[in-house]
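One structure below.
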Amino acid sequence: MTDESGVRLPPSAFRLITALAIAVAGVVAYSTSFQNEFVWDDASSIQVNKHVKDPSQFFQLFREDQHPFGRGQGNFYRPLVAASFMLDFALSHKPPGPGVEEPVVPDVSPFLFHISNTLWHIAAALLLFALLSRLGAPRFVQAVVPIIYVLHPLHTEAIAYISGRADPMSAVFMYAALWFAMWDRTAGRRAAGAALSALCFCAALMSKEAAFIYPVLLLLFVMVRPVEGNGGLRAFLPRLIPLCLAIILMAIYAYLRMTVLHFGSNPTPDTSLGQRLTELCQAFAWYLRLLFVPTGLHMERTLAGASGWTAALGAGLLAAMLVLLVENLWHGKRRAALGWGWFLIAWFPISGIFPLNAPMAEHWMYVPMAGFFWALAETVYSVCKGRRGATRIAAAAAYGLCAFFLALTAARNPVWHDNERLFRSTLAANPNSVRVHYNLAVTYGDIEGNLPGARRHYETVLALYEKQKRAARDGTQAEEMFWDEELESHLSLGRIYLGKQDYLQAAEHYAAVLRIKPDEQHKPMMAAAALGMGQCYLAVGDIQHAGAFFKQAVAYAPELQHQVQQALADSG
């Protein structure tokens with residue numbers, strides 16, 4: 001068998017060699033991540049997650065948020081990701097000896113977790129290859145697209161970061177669902193394919209919420225994929241069975257997520273539609289730039305420096321892509337149209353038109369990227385088709401792009417080695433990120449014992465929040481604004497200054513926490529602040545005020561009674 005590129009390998013040999021190339025490329029690209037530690041949300045996803053560490057709690061994973069312990073709790077329902085962490089933990093963990101109590105953060109190697117992330121990523125690329133093969137894409141497209149996909153540096157946020165596993169897992173199940181939905185050559189295969197595609201869609205939804213795009217993506221495949229043979233409408237109608245099942249499952253999932261599986265809300269900025277449309281165009285331009293030149297990568301992207309010209313460029317590029325989609329459909333280039341449609345469908349929910357917790361994020365491009373490079377490769381192939389010299393130039397360019405991406409990915413992975421390196425690198429790109437300053441302060445103070453470093457970053461957190469308050473239009477409202485990380489920073493600074501015996505500074509930070517209106521959620525923080533104030537007054541010999549604050553602390557948190565008694569006993 002041959003194609004326009006001149007390849008004469010038999011189909012089975014071509015598939016085997018390409019699959020091996022994809023797997024080897026993935027391992028080589030991410031081998032520099034295998035020695036990385038647990039970072040960022042890995043603490044709440046794995047290290048302090050009591051249910052992930054206990055196999056007897058397997059079914060509990062399907063009834064809770066992914067971050068049920070600590071301050072990370074939100075509204076992320078990803079039980080299969082948690083189950084995969086449970087398996088990795090069980091295989092990696094060595095229980096302490098008899099009579100030795102297990103620490104809150106167990107000593108477990110992250111090595112297997114990183115291997116698993118890489119394997120999920122390779123599986124996603126292999127399934128993309130299977131989809132392209134099933135759709136009859138040219139061998140140039142079948143080989144180039146999955147290898148670029150597995151090597152692209154934008155994926156480091158999802159692969160080198162253990163908690164990013166939700167992206168490759170949901171992609172694997174979505175790509176598998178699409179592949180099974182195309183089992184339609186016989187009645188038996190159609191029935192099996194419909195059932196398996198529905199099962200894979202369920203797994204995708206339980207890996208990441210973004211999998212809700214699958215029914216729309218499947219609809220695109222149903223409408224645009226050519227009908228084989230001369231079956232006409234009779235051959236087309238069976239394609240609707242997997243689509244109908246997907247719509248039913250999506251409706252059930254939406255109902256459950258709004259009721260029994262609703263765990264709270266993830267904060268999103270309150271912006272006008274006009275601002276969101278502007279940011280949509282700005283982000284679109286930046287995403288396309290990152291697809292071709294993925295440099296300067298970091299987790300805290302903003303559009304603060306984006307101009308009106310960036311928005312205009314993004315709007316023009318978006319319009320051009322829509323024109324390409326229509327033009328490909330008009331001229332019967334259905335695979336290219338599928339690729340452009342795939343990209344736009346997967347990009348739209350993360351475009352910013354709907355309020356999100358960030359204007360853009362690199363790992364959000366995990367699924368859209370597949371469609372983009374597929375459509376681009378189909379376009380390049382159609383231009384070069386029949387021109388041997390042009391085909392060789394295109395192949396050389398593709399090889400060069402793969403080498404470029406491999407080098408960038410291998411260099412990016414070590415940035416995720418540990419919290420300090422990750423946070424410092426991120427702050428170099430975005431020095432105004434409150435949560436990164438806060439996380440770096442926690443890393444310095446609670447893990448590394450670097451109290452001067454912790455103090456410096458906690459104070460930066462407070463300064464950045466104060467800047468936000470000053471920017472608020474309503475001064476009265478600004479006085480009432482506070483954030484949990486702001487309160488935690490005050491508490492941490494209070495403890496640092498108390499340890500240095502700077503009781504005046506410590507008391508100022510504790511007092512800042514006690515000024516908020518008490519509610520059930522913040523009682524633990526207010527109890528800690530009242531306890532700290534009591535310790536400050538006790539240290540300077542003011543027993544009366546110390547007793548009042550100790551009483552307040554116990555009222556908020558009765559379990560502090562023992563600490564109060566110990567403080568009074570130590571003071572004599």
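Following the order of the structure tokens, chains are lettered A, B, ..., residues in each are numbered from 1, and ligands are numbered from 1.
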Practice item. Using DSSP on the backbone coordinates, identify all residues within range 216-329 of chain A classified as alpha helix (DSSP H); present the result as JSON, numbers by chain. Key: {"A": [216, 217, 218, 219, 220, 221, 222, 223, 224, 232, 233, 234, 235, 236, 240, 241, 242, 243, 244, 245, 246, 247, 248, 249, 250, 251, 252, 253, 254, 255, 256, 257, 258, 273, 274, 275, 276, 277, 278, 279, 280, 281, 282, 283, 284, 285, 286, 287, 288, 289, 290, 291, 292, 308, 309, 310, 311, 312, 313, 314, 315, 316, 317, 318, 319, 320, 321, 322, 323, 324, 325, 326, 327, 328, 329]}
Filtering to C-alpha atoms, could you give me those residues as a short mmCIF file (atom, residue, chain, number, x, y, z; two decimals), in the first residue's frame?
```
data_model
loop_
_atom_site.label_atom_id
_atom_site.label_comp_id
_atom_site.auth_asym_id
_atom_site.auth_seq_id
_atom_site.Cartn_x
_atom_site.Cartn_y
_atom_site.Cartn_z
CA VAL A 216 -21.48 18.05 20.61
CA LEU A 217 -18.23 16.58 19.31
CA LEU A 218 -20.01 13.34 18.47
CA LEU A 219 -22.76 15.30 16.69
CA LEU A 220 -20.07 16.87 14.52
CA PHE A 221 -18.73 13.41 13.66
CA VAL A 222 -22.23 12.16 12.89
CA MET A 223 -22.98 15.06 10.56
CA VAL A 224 -19.64 15.46 8.80
CA GLY A 232 -27.67 6.66 2.25
CA LEU A 233 -30.12 7.43 5.03
CA ARG A 234 -30.29 3.79 6.12
CA ALA A 235 -26.54 3.81 6.81
CA PHE A 236 -26.70 7.25 8.43
CA LEU A 240 -27.67 8.55 15.94
CA ILE A 241 -27.83 5.72 18.51
CA PRO A 242 -24.53 6.59 20.30
CA LEU A 243 -25.49 10.28 20.07
CA CYS A 244 -28.88 9.71 21.70
CA LEU A 245 -27.28 7.67 24.47
CA ALA A 246 -24.70 10.42 25.05
CA ILE A 247 -27.43 13.07 25.32
CA ILE A 248 -29.37 10.97 27.83
CA LEU A 249 -26.26 10.35 29.93
CA MET A 250 -25.37 14.05 29.78
CA ALA A 251 -28.82 14.98 31.08
CA ILE A 252 -28.53 12.49 33.96
CA TYR A 253 -25.04 13.75 34.80
CA ALA A 254 -26.19 17.39 34.77
CA TYR A 255 -29.08 16.58 37.11
CA LEU A 256 -26.83 14.70 39.56
CA ARG A 257 -24.20 17.45 39.53
CA MET A 258 -26.82 20.06 40.35
CA LEU A 273 -20.37 40.24 28.50
CA GLY A 274 -18.43 42.89 26.58
CA GLN A 275 -15.33 42.33 28.68
CA ARG A 276 -15.64 38.56 28.30
CA LEU A 277 -15.90 38.89 24.50
CA THR A 278 -12.79 41.08 24.43
CA GLU A 279 -10.88 38.62 26.61
CA LEU A 280 -12.16 35.74 24.45
CA CYS A 281 -10.50 37.27 21.38
CA GLN A 282 -7.33 38.14 23.31
CA ALA A 283 -7.05 34.62 24.73
CA PHE A 284 -7.69 33.10 21.28
CA ALA A 285 -4.73 35.00 19.84
CA TRP A 286 -2.51 33.92 22.75
CA TYR A 287 -3.59 30.29 22.50
CA LEU A 288 -2.70 30.16 18.80
CA ARG A 289 0.69 31.70 19.56
CA LEU A 290 1.30 29.07 22.27
CA LEU A 291 0.38 26.26 19.88
CA PHE A 292 3.21 27.27 17.55
CA GLY A 308 -7.02 46.08 21.87
CA TRP A 309 -4.84 45.09 18.94
CA THR A 310 -4.48 41.62 20.45
CA ALA A 311 -8.27 41.37 20.64
CA ALA A 312 -8.58 42.50 17.02
CA LEU A 313 -5.98 39.94 15.93
CA GLY A 314 -7.78 37.21 17.84
CA ALA A 315 -11.12 38.16 16.31
CA GLY A 316 -9.56 38.05 12.84
CA LEU A 317 -7.98 34.65 13.46
CA LEU A 318 -11.22 33.26 14.83
CA ALA A 319 -13.12 34.52 11.79
CA ALA A 320 -10.47 33.00 9.50
CA MET A 321 -10.83 29.63 11.21
CA LEU A 322 -14.60 29.71 10.80
CA VAL A 323 -14.12 30.53 7.11
CA LEU A 324 -11.72 27.59 6.78
CA LEU A 325 -14.28 25.31 8.40
CA VAL A 326 -17.02 26.40 5.97
CA GLU A 327 -14.67 26.31 2.98
CA ASN A 328 -13.55 22.76 3.80
CA LEU A 329 -17.14 21.62 4.13
#
```
Please build the interface table for range 75-141 of chain A against range 413-434 of chain A with a cut-off of 12 Å, listing for each qualifying residue the nearest atom pair and the distance in Å to one decimal; count only C-alpha atoms, order rows by chain and increasing number, and write it as JSON lines.
```
{"residue": "A:Pro110", "atom": "CA", "partner": "A:His417", "partner_atom": "CA", "distance": 10.7}
{"residue": "A:Phe111", "atom": "CA", "partner": "A:His417", "partner_atom": "CA", "distance": 11.5}
{"residue": "A:His114", "atom": "CA", "partner": "A:Asn413", "partner_atom": "CA", "distance": 11.0}
{"residue": "A:Thr118", "atom": "CA", "partner": "A:Asn413", "partner_atom": "CA", "distance": 11.8}
```
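Closest to Leu80 in chain A among A:Gln565, A:Ser170, A:Gln521, A:Asn36 is A:Ser170, based on only C-alpha atoms.
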**Study point:** Using only C-alpha atoms: which of A:Phe62, A:Pro153, A:Pro238, A:His457 has the shortest distance to Leu205 in chain A
**Key:**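 Selected residue with least distance to Leu205 in chain A: A:Phe62.
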Review point. For the atom pair CA of Ala377 in chain A and CA of Pro146 in chain A, what is the interatomic distance in Å to one decimal place?
Key: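 It comes out at 10.8 Å.
Contact shell of Leu87 in chain A at 12 Å (only C-alpha atoms; same-chain neighbours under 3 positions omitted): A:Ile46, A:His51, A:Val52, A:Lys53, A:Asp54, A:Pro55, A:Ser56, A:Phe58, A:Leu80, A:Val81, A:Ala82, A:Ala83, A:Ser84, A:Ala90, A:Leu91, A:Ser92, A:His93, A:Leu112, A:Phe113, A:Ser116.
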Review point. Leaving out Ser571 in chain A and any residue of its chain fewer than 3 positions from it, which residues lie within 9 Å of it when counting only C-alpha atoms, given as a ChimeraX atom specification?
Key: /A:538-539,541,566-568
Check your understanding: Within 12 Å of Ala123 in chain A, counting only C-alpha atoms, which residues qualify if same-chain residues fewer than 3 places away don't, as a ChimeraX atom specification?
Key -> /A:19-20,22-24,26-27,116-120,126-130,146-147,149-150,168-176
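Nearest to Ala346 in chain A of all the residues A:Ala394, A:Ala43, A:Lys333, A:Tyr366 is A:Tyr366, based on only C-alpha atoms.
In this structure, CA of Phe343 in chain A sits 9.1 Å away from CA of Met365 in chain A.
The coordinates place CA of Leu498 in chain A at 15.3 Å from CA of Val513 in chain A.
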Point to revise | Residue neighbourhood Phe550 in chain A, 8 Å, only C-alpha atoms, exclusion window fewer than 2 positions, as a list in words | key: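 Listed by chain and then number, they are Ala530, Leu531, Gly534, Ala546, Gly547, Ala548, Gln552, Ala553, Val554 and Val564 of chain A.
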Keeping N, CA and C atoms for every residue in the selection just given, could you write it to a file as a PDB file, in the first residue's frame?
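selection_12.pdb, written as the output of this step:
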```
ATOM      1  N   ALA A 530      -8.022  34.388  68.294  1.00  0.00           N
ATOM      2  CA  ALA A 530      -8.298  34.709  69.703  1.00  0.00           C
ATOM      3  C   ALA A 530      -7.278  34.033  70.614  1.00  0.00           C
ATOM      4  N   LEU A 531      -6.906  32.805  70.311  1.00  0.00           N
ATOM      5  CA  LEU A 531      -5.889  32.114  71.094  1.00  0.00           C
ATOM      6  C   LEU A 531      -4.554  32.854  71.012  1.00  0.00           C
ATOM      7  N   GLY A 534      -4.658  35.981  73.082  1.00  0.00           N
ATOM      8  CA  GLY A 534      -4.517  35.634  74.491  1.00  0.00           C
ATOM      9  C   GLY A 534      -3.074  35.367  74.866  1.00  0.00           C
ATOM     10  N   ALA A 546      -5.909  38.543  78.567  1.00  0.00           N
ATOM     11  CA  ALA A 546      -5.572  37.211  78.068  1.00  0.00           C
ATOM     12  C   ALA A 546      -6.713  36.235  78.346  1.00  0.00           C
ATOM     13  N   GLY A 547      -7.260  36.290  79.555  1.00  0.00           N
ATOM     14  CA  GLY A 547      -8.357  35.398  79.907  1.00  0.00           C
ATOM     15  C   GLY A 547      -9.584  35.618  79.040  1.00  0.00           C
ATOM     16  N   ALA A 548      -9.860  36.886  78.703  1.00  0.00           N
ATOM     17  CA  ALA A 548     -11.024  37.191  77.861  1.00  0.00           C
ATOM     18  C   ALA A 548     -10.856  36.593  76.462  1.00  0.00           C
ATOM     19  N   GLN A 552     -12.879  33.533  74.541  1.00  0.00           N
ATOM     20  CA  GLN A 552     -13.435  33.678  73.194  1.00  0.00           C
ATOM     21  C   GLN A 552     -12.963  32.535  72.279  1.00  0.00           C
ATOM     22  N   ALA A 553     -11.701  32.163  72.411  1.00  0.00           N
ATOM     23  CA  ALA A 553     -11.163  31.083  71.582  1.00  0.00           C
ATOM     24  C   ALA A 553     -11.873  29.765  71.869  1.00  0.00           C
ATOM     25  N   VAL A 554     -12.101  29.462  73.125  1.00  0.00           N
ATOM     26  CA  VAL A 554     -12.774  28.215  73.497  1.00  0.00           C
ATOM     27  C   VAL A 554     -14.234  28.237  73.057  1.00  0.00           C
ATOM     28  N   VAL A 564      -5.308  26.224  75.951  1.00  0.00           N
ATOM     29  CA  VAL A 564      -5.457  27.375  76.852  1.00  0.00           C
ATOM     30  C   VAL A 564      -4.920  27.022  78.238  1.00  0.00           C
TER      31      VAL A 564
END
```
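Checking A:Trp179, A:Tyr556, A:Phe348, A:Trp483 one by one against Met360 in chain A, counting only C-alpha atoms, you find the shortest gap at A:Phe348.
Shortest atom-to-atom contact with Gln142 in chain A among A:Leu178, A:Ile345, A:Ala471, A:Ile17: A:Ile17, counting only C-alpha atoms.
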Exercise for review: Show which residues sit within 12 Å of Tyr77 in chain A, as a VMD selection string. Count only C-alpha atoms, and ignore same-chain residues fewer than 2 positions away.
Suggested key: chain A and resid 45 60 to 68 73 to 75 79 to 83 166 203 to 211 253 to 254 256 to 258 260 to 266
